[in-house]
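File shown: coords.cif (mmCIF, C-alpha atoms).
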```
data_model
loop_
_atom_site.group_PDB
_atom_site.id
_atom_site.type_symbol
_atom_site.label_atom_id
_atom_site.label_comp_id
_atom_site.auth_asym_id
_atom_site.auth_seq_id
_atom_site.Cartn_x
_atom_site.Cartn_y
_atom_site.Cartn_z
ATOM 1 C CA MET A 1 -14.679 29.631 12.651
ATOM 2 C CA ARG A 2 -15.400 25.987 13.465
ATOM 3 C CA MET A 3 -14.841 23.695 10.504
ATOM 4 C CA LEU A 4 -17.404 21.049 9.593
ATOM 5 C CA ASP A 5 -16.629 17.372 9.128
ATOM 6 C CA SER A 6 -17.801 17.580 5.519
ATOM 7 C CA GLN A 7 -15.317 20.348 4.738
ATOM 8 C CA VAL A 8 -12.368 18.726 2.932
ATOM 9 C CA ILE A 9 -9.182 20.705 3.505
ATOM 10 C CA TYR A 10 -6.696 18.181 2.106
ATOM 11 C CA GLN A 11 -6.973 15.169 -0.173
ATOM 12 C CA LYS A 12 -4.237 13.303 -2.001
ATOM 13 C CA LYS A 13 -4.147 10.026 -3.889
ATOM 14 C CA THR A 14 -0.827 8.234 -3.705
ATOM 15 C CA TRP A 15 0.584 5.138 -5.315
ATOM 16 C CA ASN A 16 3.973 3.545 -4.949
ATOM 17 C CA PRO A 17 6.088 3.002 -8.106
ATOM 18 C CA ARG A 18 8.178 0.541 -6.089
ATOM 19 C CA GLY A 19 5.168 -1.720 -5.790
ATOM 20 C CA LEU A 20 4.711 -1.730 -9.574
ATOM 21 C CA GLY A 21 8.334 -2.729 -10.160
ATOM 22 C CA CYS A 22 8.189 -5.493 -7.574
ATOM 23 C CA GLY A 23 4.830 -6.655 -8.920
ATOM 24 C CA ILE A 24 6.116 -6.931 -12.496
ATOM 25 C CA VAL A 25 9.033 -9.114 -11.359
ATOM 26 C CA LEU A 26 6.651 -11.387 -9.444
ATOM 27 C CA LEU A 27 4.303 -11.435 -12.430
ATOM 28 C CA VAL A 28 7.070 -12.687 -14.738
ATOM 29 C CA PHE A 29 8.108 -15.439 -12.309
ATOM 30 C CA PHE A 30 4.468 -16.458 -11.834
ATOM 31 C CA CYS A 31 3.407 -16.498 -15.491
ATOM 32 C CA ALA A 32 6.582 -17.855 -17.110
ATOM 33 C CA PRO A 33 5.922 -21.543 -16.182
ATOM 34 C CA TRP A 34 2.365 -21.297 -17.552
ATOM 35 C CA PHE A 35 3.607 -19.896 -20.848
ATOM 36 C CA PHE A 36 6.239 -22.647 -21.053
ATOM 37 C CA VAL A 37 3.680 -25.402 -20.507
ATOM 38 C CA TYR A 38 1.353 -23.758 -23.035
ATOM 39 C CA GLN A 39 4.157 -23.658 -25.585
ATOM 40 C CA VAL A 40 4.892 -27.365 -25.093
ATOM 41 C CA LEU A 41 1.224 -28.370 -25.343
ATOM 42 C CA SER A 42 0.510 -26.277 -28.416
ATOM 43 C CA THR A 43 3.593 -27.408 -30.380
ATOM 44 C CA GLU A 44 3.196 -30.371 -32.682
ATOM 45 C CA GLY A 45 5.335 -33.213 -31.406
ATOM 46 C CA GLY A 46 5.901 -31.495 -28.078
ATOM 47 C CA VAL A 47 3.875 -34.141 -26.236
ATOM 48 C CA PRO A 48 2.212 -37.382 -27.397
ATOM 49 C CA ASP A 49 -1.052 -36.793 -29.267
ATOM 50 C CA LEU A 50 -3.637 -37.926 -26.697
ATOM 51 C CA GLY A 51 -6.670 -36.391 -28.326
ATOM 52 C CA TRP A 52 -8.796 -33.375 -27.603
ATOM 53 C CA TRP A 53 -7.661 -33.004 -23.952
ATOM 54 C CA ARG A 54 -4.291 -31.738 -25.129
ATOM 55 C CA TRP A 55 -5.863 -28.774 -26.918
ATOM 56 C CA LEU A 56 -8.166 -28.117 -23.980
ATOM 57 C CA ALA A 57 -5.172 -28.096 -21.616
ATOM 58 C CA ALA A 58 -3.286 -25.773 -23.964
ATOM 59 C CA ALA A 59 -6.251 -23.380 -24.070
ATOM 60 C CA VAL A 60 -6.477 -23.337 -20.253
ATOM 61 C CA MET A 61 -2.723 -22.843 -19.855
ATOM 62 C CA GLY A 62 -2.772 -19.988 -22.364
ATOM 63 C CA PHE A 63 -5.859 -18.285 -20.918
ATOM 64 C CA PHE A 64 -4.680 -18.245 -17.299
ATOM 65 C CA PRO A 65 -1.548 -16.056 -17.730
ATOM 66 C CA LEU A 66 -3.489 -13.866 -20.182
ATOM 67 C CA PHE A 67 -6.184 -13.327 -17.548
ATOM 68 C CA VAL A 68 -3.594 -12.566 -14.858
ATOM 69 C CA CYS A 69 -1.716 -10.038 -17.023
ATOM 70 C CA THR A 70 -4.723 -8.181 -18.424
ATOM 71 C CA ILE A 71 -7.269 -8.297 -15.583
ATOM 72 C CA ALA A 72 -6.064 -9.730 -12.270
ATOM 73 C CA PHE A 73 -2.736 -7.862 -12.047
ATOM 74 C CA PRO A 74 -4.157 -4.404 -12.916
ATOM 75 C CA LEU A 75 -6.949 -4.891 -10.364
ATOM 76 C CA TRP A 76 -4.441 -6.054 -7.746
ATOM 77 C CA PHE A 77 -2.263 -2.999 -8.314
ATOM 78 C CA LEU A 78 -5.230 -0.648 -8.284
ATOM 79 C CA VAL A 79 -6.063 -1.767 -4.738
ATOM 80 C CA TRP A 80 -2.618 -0.593 -3.567
ATOM 81 C CA ARG A 81 -3.447 3.018 -4.402
ATOM 82 C CA ARG A 82 -4.325 4.994 -1.309
ATOM 83 C CA THR A 83 -6.229 8.174 -0.619
ATOM 84 C CA ILE A 84 -5.549 10.478 2.346
ATOM 85 C CA ARG A 85 -8.206 13.027 3.253
ATOM 86 C CA VAL A 86 -8.324 15.577 6.051
ATOM 87 C CA THR A 87 -11.670 17.148 6.912
ATOM 88 C CA GLY A 88 -12.581 19.629 9.594
ATOM 89 C CA THR A 89 -12.727 16.922 12.265
ATOM 90 C CA HIS A 90 -11.241 13.686 10.879
ATOM 91 C CA LEU A 91 -8.271 12.130 9.121
ATOM 92 C CA GLU A 92 -9.404 9.441 6.689
ATOM 93 C CA ILE A 93 -7.283 6.886 4.830
ATOM 94 C CA TRP A 94 -8.518 4.189 2.496
ATOM 95 C CA ARG A 95 -6.957 1.781 0.033
ATOM 96 C CA GLY A 96 -8.367 1.223 -3.429
ATOM 97 C CA PRO A 97 -10.438 3.423 -5.747
ATOM 98 C CA PHE A 98 -13.710 3.129 -3.845
ATOM 99 C CA LYS A 99 -13.914 4.429 -0.294
ATOM 100 C CA ASN A 100 -17.038 2.567 0.801
ATOM 101 C CA LEU A 101 -16.455 -0.691 -1.058
ATOM 102 C CA GLY A 102 -16.270 -3.678 1.289
ATOM 103 C CA ILE A 103 -12.785 -4.751 0.162
ATOM 104 C CA SER A 104 -11.234 -1.329 0.790
ATOM 105 C CA GLN A 105 -9.187 -0.922 3.948
ATOM 106 C CA LYS A 106 -10.513 2.209 5.588
ATOM 107 C CA PHE A 107 -9.323 4.043 8.687
ATOM 108 C CA ARG A 108 -10.849 7.146 10.244
ATOM 109 C CA PHE A 109 -9.346 9.146 13.108
ATOM 110 C CA ARG A 110 -10.717 12.103 15.040
ATOM 111 C CA LEU A 111 -8.258 14.991 14.923
ATOM 112 C CA ASP A 112 -8.908 15.854 18.563
ATOM 113 C CA LYS A 113 -7.696 12.348 19.517
ATOM 114 C CA ILE A 114 -4.268 12.852 17.898
ATOM 115 C CA LYS A 115 -1.665 14.052 20.400
ATOM 116 C CA THR A 116 1.696 13.950 18.598
ATOM 117 C CA MET A 117 3.118 13.023 15.223
ATOM 118 C CA LYS A 118 6.561 12.446 13.760
ATOM 119 C CA GLN A 119 8.092 11.332 10.493
ATOM 120 C CA VAL A 120 9.459 7.781 10.422
ATOM 121 C CA GLY A 121 11.017 5.500 7.844
ATOM 122 C CA VAL A 122 9.301 2.360 6.605
ATOM 123 C CA ASP A 123 10.722 -1.143 6.519
ATOM 124 C CA SER A 124 11.707 -2.247 3.013
ATOM 125 C CA LEU A 125 9.188 -5.137 3.036
ATOM 126 C CA HIS A 126 6.434 -2.548 3.385
ATOM 127 C CA SER A 127 7.900 0.200 1.204
ATOM 128 C CA TRP A 128 8.377 -2.235 -1.682
ATOM 129 C CA GLU A 129 4.859 -3.572 -0.995
ATOM 130 C CA MET A 130 6.016 -7.159 -0.633
ATOM 131 C CA ILE A 131 3.790 -7.603 2.436
ATOM 132 C CA ASN A 132 0.799 -5.813 3.887
ATOM 133 C CA GLY A 133 1.738 -3.615 6.838
ATOM 134 C CA ASN A 134 -1.679 -3.295 8.457
ATOM 135 C CA THR A 135 -1.130 -5.862 11.194
ATOM 136 C CA THR A 136 2.633 -6.399 11.063
ATOM 137 C CA VAL A 137 4.783 -4.838 13.783
ATOM 138 C CA TYR A 138 8.502 -4.247 13.230
ATOM 139 C CA SER A 139 11.005 -3.222 15.847
ATOM 140 C CA SER A 140 13.374 -0.403 14.946
ATOM 141 C CA LYS A 141 16.014 -1.931 17.257
ATOM 142 C CA SER A 142 16.795 -4.596 14.666
ATOM 143 C CA MET A 143 17.826 -1.902 12.183
ATOM 144 C CA GLY A 144 20.325 -0.060 14.361
ATOM 145 C CA VAL A 145 20.085 3.714 14.742
ATOM 146 C CA ARG A 146 17.623 4.103 11.912
ATOM 147 C CA GLU A 147 14.087 4.812 13.047
ATOM 148 C CA LEU A 148 11.523 2.647 11.266
ATOM 149 C CA ALA A 149 7.775 2.396 11.371
ATOM 150 C CA SER A 150 7.187 0.237 14.457
ATOM 151 C CA SER A 151 3.405 0.153 14.659
ATOM 152 C CA PRO A 152 0.585 -0.966 12.343
ATOM 153 C CA GLY A 153 -0.343 1.326 9.501
ATOM 154 C CA LEU A 154 -1.082 1.864 5.832
ATOM 155 C CA TYR A 155 2.170 2.338 3.937
ATOM 156 C CA CYS A 156 2.958 3.695 0.491
ATOM 157 C CA GLY A 157 6.641 4.260 -0.198
ATOM 158 C CA PRO A 158 9.596 4.764 2.175
ATOM 159 C CA HIS A 159 8.092 7.458 4.424
ATOM 160 C CA ALA A 160 5.291 7.546 6.956
ATOM 161 C CA LEU A 161 3.859 9.953 9.487
ATOM 162 C CA GLN A 162 3.449 8.246 12.850
ATOM 163 C CA LEU A 163 0.419 9.513 14.755
ATOM 164 C CA THR A 164 0.151 8.924 18.500
ATOM 165 C CA GLY A 165 -3.253 9.336 20.074
ATOM 166 C CA THR A 166 -4.283 10.520 23.514
ATOM 167 C CA ASP A 167 -4.564 6.839 24.504
ATOM 168 C CA GLY A 168 -0.868 6.258 23.722
ATOM 169 C CA GLN A 169 -1.509 4.072 20.666
ATOM 170 C CA SER A 170 0.377 4.812 17.430
ATOM 171 C CA PHE A 171 -0.560 4.389 13.788
ATOM 172 C CA ASN A 172 1.554 5.023 10.698
ATOM 173 C CA VAL A 173 0.178 6.846 7.681
ATOM 174 C CA GLY A 174 2.332 6.258 4.602
ATOM 175 C CA THR A 175 2.669 9.414 2.526
ATOM 176 C CA SER A 176 4.935 10.693 -0.215
ATOM 177 C CA ASP A 177 4.902 14.160 1.403
ATOM 178 C CA PRO A 178 4.892 13.805 5.211
ATOM 179 C CA ASP A 179 5.814 17.469 5.762
ATOM 180 C CA ALA A 180 2.754 18.713 3.868
ATOM 181 C CA LEU A 181 0.417 16.315 5.675
ATOM 182 C CA ALA A 182 1.863 17.299 9.056
ATOM 183 C CA SER A 183 1.370 20.983 8.223
ATOM 184 C CA VAL A 184 -2.265 20.394 7.251
ATOM 185 C CA LEU A 185 -2.989 18.441 10.430
ATOM 186 C CA MET A 186 -1.445 21.104 12.674
ATOM 187 C CA LYS A 187 -3.409 23.800 10.887
ATOM 188 C CA ALA A 188 -6.657 21.870 11.229
ATOM 189 C CA ARG A 189 -5.939 21.010 14.884
ATOM 190 C CA PRO A 190 -3.419 23.386 16.526
ATOM 191 C CA GLY A 191 -3.196 21.115 19.593
ATOM 192 C CA ILE A 192 -1.242 18.441 17.683
ATOM 193 C CA THR A 193 2.498 18.488 18.429
ATOM 194 C CA LEU A 194 5.101 17.681 15.769
ATOM 195 C CA GLU A 195 8.070 15.765 17.206
ATOM 196 C CA GLU A 196 11.473 16.308 15.617
ATOM 197 C CA THR A 197 13.250 13.194 14.340
ATOM 198 C CA GLU A 198 16.726 12.467 13.115
ATOM 199 C CA PRO A 199 16.948 12.472 9.299
ATOM 200 C CA SER A 200 17.131 8.988 7.799
ATOM 201 C CA GLY A 201 17.672 7.703 4.283
ATOM 202 C CA SER A 202 15.045 5.878 2.291
ATOM 203 C CA ASN A 203 15.065 2.180 1.447
#
```

Now, as a test, write the supplied structure out as structure tokens.
Amino acid sequence: MRMLDSQVIYQKKTWNPRGLGCGIVLLVFFCAPWFFVYQVLSTEGGVPDLGWWRWLAAAVMGFFPLFVCTIAFPLWFLVWRRTIRVTGTHLEIWRGPFKNLGISQKFRFRLDKIKTMKQVGVDSLHSWEMINGNTTVYSSKSMGVRELASSPGLYCGPHALQLTGTDGQSFNVGTSDPDALASVLMKARPGITLEETEPSGSN
């Protein structure tokens, strides 16, 4: 029976705990100077009493890290969550909670355009979410025998499934369970070939 595009056969939301840990460290380094300046401005005798501007500056310095910690940082981290969906005819990946929101990074691939796939490792800069991997290309040669993600993609954690299309172009789909995703894709499109790769450790 021919499956319809609207028929969802696999959907999984993934987020990377590594990104949260790295983000908290960056948050502390970013907010600490603001808290220090706020403490100096709000302490009697900390700076010369130059009138009302001192209290205004203290309020601004105190509000900024509070805003970052309670609003900006949670929103930033929420955008890193990704959703992978397989329908009867397409593989869809988007970043953030809203699929059709303009700021979400959305990719959609026709299953009949995927030729092969294989599991690959992800460079530590991507797996720890220190940089965005969408347009960055890394060469696996620089890392010795270990096979790394060497084409653009959406990463989430240390593993990715590299899809190669009929046009020869590759794209990496970061997933916490590459074996399950590969199984779903082969079931939805029996013509897709799974390439065996040498086992590699995670970052």

>> List the spatial neighbours of Met117 in chain A as a ChimeraX atom specification - criterion: any atom at most 12 Å away, only C-alpha atoms, same-chain residues fewer than 2 positions off excluded.
In response: /A:111,113-115,119-120,160-166,168-173,178-179,181-183,185-186,191-197

> Which residues match the PyMOL selection byres ((chain A and resi 20) around 12) in the file above, as a list in words?
Replying inline: Trp15, Asn16, Pro17, Arg18, Gly19, Gly21, Cys22, Gly23, Ile24, Val25, Leu26, Leu27, Phe73, Pro74, Trp76, Phe77, Leu78, Val79, Trp80, Arg81, Ser127, Trp128, Glu129, Met130, Cys156 and Gly157 of chain A

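Nearest-residue note for His159 in chain A: choosing from A:Arg189, A:His126, A:Lys99, A:Arg85, the minimum distance belongs to A:His126, counting all atoms listed in the file.
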
Please return the centre and edge lengths, in Å to one decimal, of a box with edges along x, y and z that contains all listed atoms of range 63-68 of chain A, widened by 6 Å on every side, as AutoDock Vina command-line options.
```
--center_x -3.9 --center_y -15.4 --center_z -17.9 --size_x 16.6 --size_y 17.7 --size_z 18.1
```

> If you measure from CA of Leu125 in chain A to CA of Arg110 in chain A, what distance in Å do you get, rounded to one decimal?
Replying inline: 28.9 Å

> In Å, with one decimal, what is the gap from CA of Gln39 in chain A to CA of Leu56 in chain A?
Replying inline: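 Going from CA of Gln39 in chain A over to CA of Leu56 in chain A covers 13.2 Å.
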
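Taking CA of Ile84 in chain A as the reference point, CA of Gly153 in chain A is found at 12.7 Å.
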
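Of the residues listed (A:Arg82, A:His90, A:Lys12, A:Lys187), A:His90 shows the shortest atom-to-atom separation from Asp112 in chain A; distances use only C-alpha atoms.
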
Would you kindly place N, CA and C atoms on range 151-175 of chain A and return the model as a PDB file, keeping the file's coordinate frame?
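Wrote selection-v6.pdb, looks like this:
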```pdb
ATOM      1  N   SER A 151       4.780   0.423  14.259  1.00  0.00           N
ATOM      2  CA  SER A 151       3.405   0.153  14.659  1.00  0.00           C
ATOM      3  C   SER A 151       2.584  -0.087  13.404  1.00  0.00           C
ATOM      4  N   PRO A 152       1.403  -0.697  13.521  1.00  0.00           N
ATOM      5  CA  PRO A 152       0.585  -0.966  12.343  1.00  0.00           C
ATOM      6  C   PRO A 152       0.265   0.308  11.573  1.00  0.00           C
ATOM      7  N   GLY A 153      -0.011   0.152  10.297  1.00  0.00           N
ATOM      8  CA  GLY A 153      -0.343   1.326   9.501  1.00  0.00           C
ATOM      9  C   GLY A 153      -0.655   0.980   8.071  1.00  0.00           C
ATOM     10  N   LEU A 154      -0.901   2.012   7.274  1.00  0.00           N
ATOM     11  CA  LEU A 154      -1.082   1.864   5.832  1.00  0.00           C
ATOM     12  C   LEU A 154       0.095   2.557   5.168  1.00  0.00           C
ATOM     13  N   TYR A 155       0.944   1.791   4.487  1.00  0.00           N
ATOM     14  CA  TYR A 155       2.170   2.338   3.937  1.00  0.00           C
ATOM     15  C   TYR A 155       2.074   2.533   2.433  1.00  0.00           C
ATOM     16  N   CYS A 156       2.862   3.472   1.927  1.00  0.00           N
ATOM     17  CA  CYS A 156       2.958   3.695   0.491  1.00  0.00           C
ATOM     18  C   CYS A 156       4.275   4.416   0.237  1.00  0.00           C
ATOM     19  N   GLY A 157       5.337   3.659  -0.010  1.00  0.00           N
ATOM     20  CA  GLY A 157       6.641   4.260  -0.198  1.00  0.00           C
ATOM     21  C   GLY A 157       7.483   4.214   1.064  1.00  0.00           C
ATOM     22  N   PRO A 158       8.634   4.888   1.070  1.00  0.00           N
ATOM     23  CA  PRO A 158       9.596   4.764   2.175  1.00  0.00           C
ATOM     24  C   PRO A 158       9.346   5.667   3.371  1.00  0.00           C
ATOM     25  N   HIS A 159       8.323   6.515   3.328  1.00  0.00           N
ATOM     26  CA  HIS A 159       8.092   7.458   4.424  1.00  0.00           C
ATOM     27  C   HIS A 159       6.694   7.309   5.002  1.00  0.00           C
ATOM     28  N   ALA A 160       6.590   7.589   6.290  1.00  0.00           N
ATOM     29  CA  ALA A 160       5.291   7.546   6.956  1.00  0.00           C
ATOM     30  C   ALA A 160       5.263   8.601   8.049  1.00  0.00           C
ATOM     31  N   LEU A 161       4.075   9.035   8.379  1.00  0.00           N
ATOM     32  CA  LEU A 161       3.859   9.953   9.487  1.00  0.00           C
ATOM     33  C   LEU A 161       3.229   9.147  10.614  1.00  0.00           C
ATOM     34  N   GLN A 162       3.943   9.037  11.719  1.00  0.00           N
ATOM     35  CA  GLN A 162       3.449   8.246  12.850  1.00  0.00           C
ATOM     36  C   GLN A 162       2.611   9.139  13.772  1.00  0.00           C
ATOM     37  N   LEU A 163       1.348   8.762  13.914  1.00  0.00           N
ATOM     38  CA  LEU A 163       0.419   9.513  14.755  1.00  0.00           C
ATOM     39  C   LEU A 163       0.247   8.779  16.082  1.00  0.00           C
ATOM     40  N   THR A 164       0.368   9.490  17.172  1.00  0.00           N
ATOM     41  CA  THR A 164       0.151   8.924  18.500  1.00  0.00           C
ATOM     42  C   THR A 164      -1.053   9.606  19.127  1.00  0.00           C
ATOM     43  N   GLY A 165      -2.017   8.798  19.531  1.00  0.00           N
ATOM     44  CA  GLY A 165      -3.253   9.336  20.074  1.00  0.00           C
ATOM     45  C   GLY A 165      -3.173   9.640  21.554  1.00  0.00           C
ATOM     46  N   THR A 166      -4.228  10.199  22.092  1.00  0.00           N
ATOM     47  CA  THR A 166      -4.283  10.520  23.514  1.00  0.00           C
ATOM     48  C   THR A 166      -4.283   9.265  24.378  1.00  0.00           C
ATOM     49  N   ASP A 167      -4.588   8.106  23.768  1.00  0.00           N
ATOM     50  CA  ASP A 167      -4.564   6.839  24.504  1.00  0.00           C
ATOM     51  C   ASP A 167      -3.200   6.170  24.458  1.00  0.00           C
ATOM     52  N   GLY A 168      -2.215   6.802  23.790  1.00  0.00           N
ATOM     53  CA  GLY A 168      -0.868   6.258  23.722  1.00  0.00           C
ATOM     54  C   GLY A 168      -0.621   5.310  22.566  1.00  0.00           C
ATOM     55  N   GLN A 169      -1.665   4.973  21.799  1.00  0.00           N
ATOM     56  CA  GLN A 169      -1.509   4.072  20.666  1.00  0.00           C
ATOM     57  C   GLN A 169      -1.024   4.853  19.433  1.00  0.00           C
ATOM     58  N   SER A 170      -0.182   4.173  18.624  1.00  0.00           N
ATOM     59  CA  SER A 170       0.377   4.812  17.430  1.00  0.00           C
ATOM     60  C   SER A 170      -0.107   4.127  16.164  1.00  0.00           C
ATOM     61  N   PHE A 171      -0.173   4.908  15.095  1.00  0.00           N
ATOM     62  CA  PHE A 171      -0.560   4.389  13.788  1.00  0.00           C
ATOM     63  C   PHE A 171       0.221   5.148  12.728  1.00  0.00           C
ATOM     64  N   ASN A 172       0.742   4.410  11.740  1.00  0.00           N
ATOM     65  CA  ASN A 172       1.554   5.023  10.698  1.00  0.00           C
ATOM     66  C   ASN A 172       0.751   5.268   9.431  1.00  0.00           C
ATOM     67  N   VAL A 173       0.850   6.480   8.930  1.00  0.00           N
ATOM     68  CA  VAL A 173       0.178   6.846   7.681  1.00  0.00           C
ATOM     69  C   VAL A 173       1.250   7.053   6.622  1.00  0.00           C
ATOM     70  N   GLY A 174       1.353   6.116   5.661  1.00  0.00           N
ATOM     71  CA  GLY A 174       2.332   6.258   4.602  1.00  0.00           C
ATOM     72  C   GLY A 174       1.966   7.408   3.687  1.00  0.00           C
ATOM     73  N   THR A 175       2.933   8.251   3.373  1.00  0.00           N
ATOM     74  CA  THR A 175       2.669   9.414   2.526  1.00  0.00           C
ATOM     75  C   THR A 175       3.940   9.805   1.793  1.00  0.00           C
TER      76      THR A 175
END
```
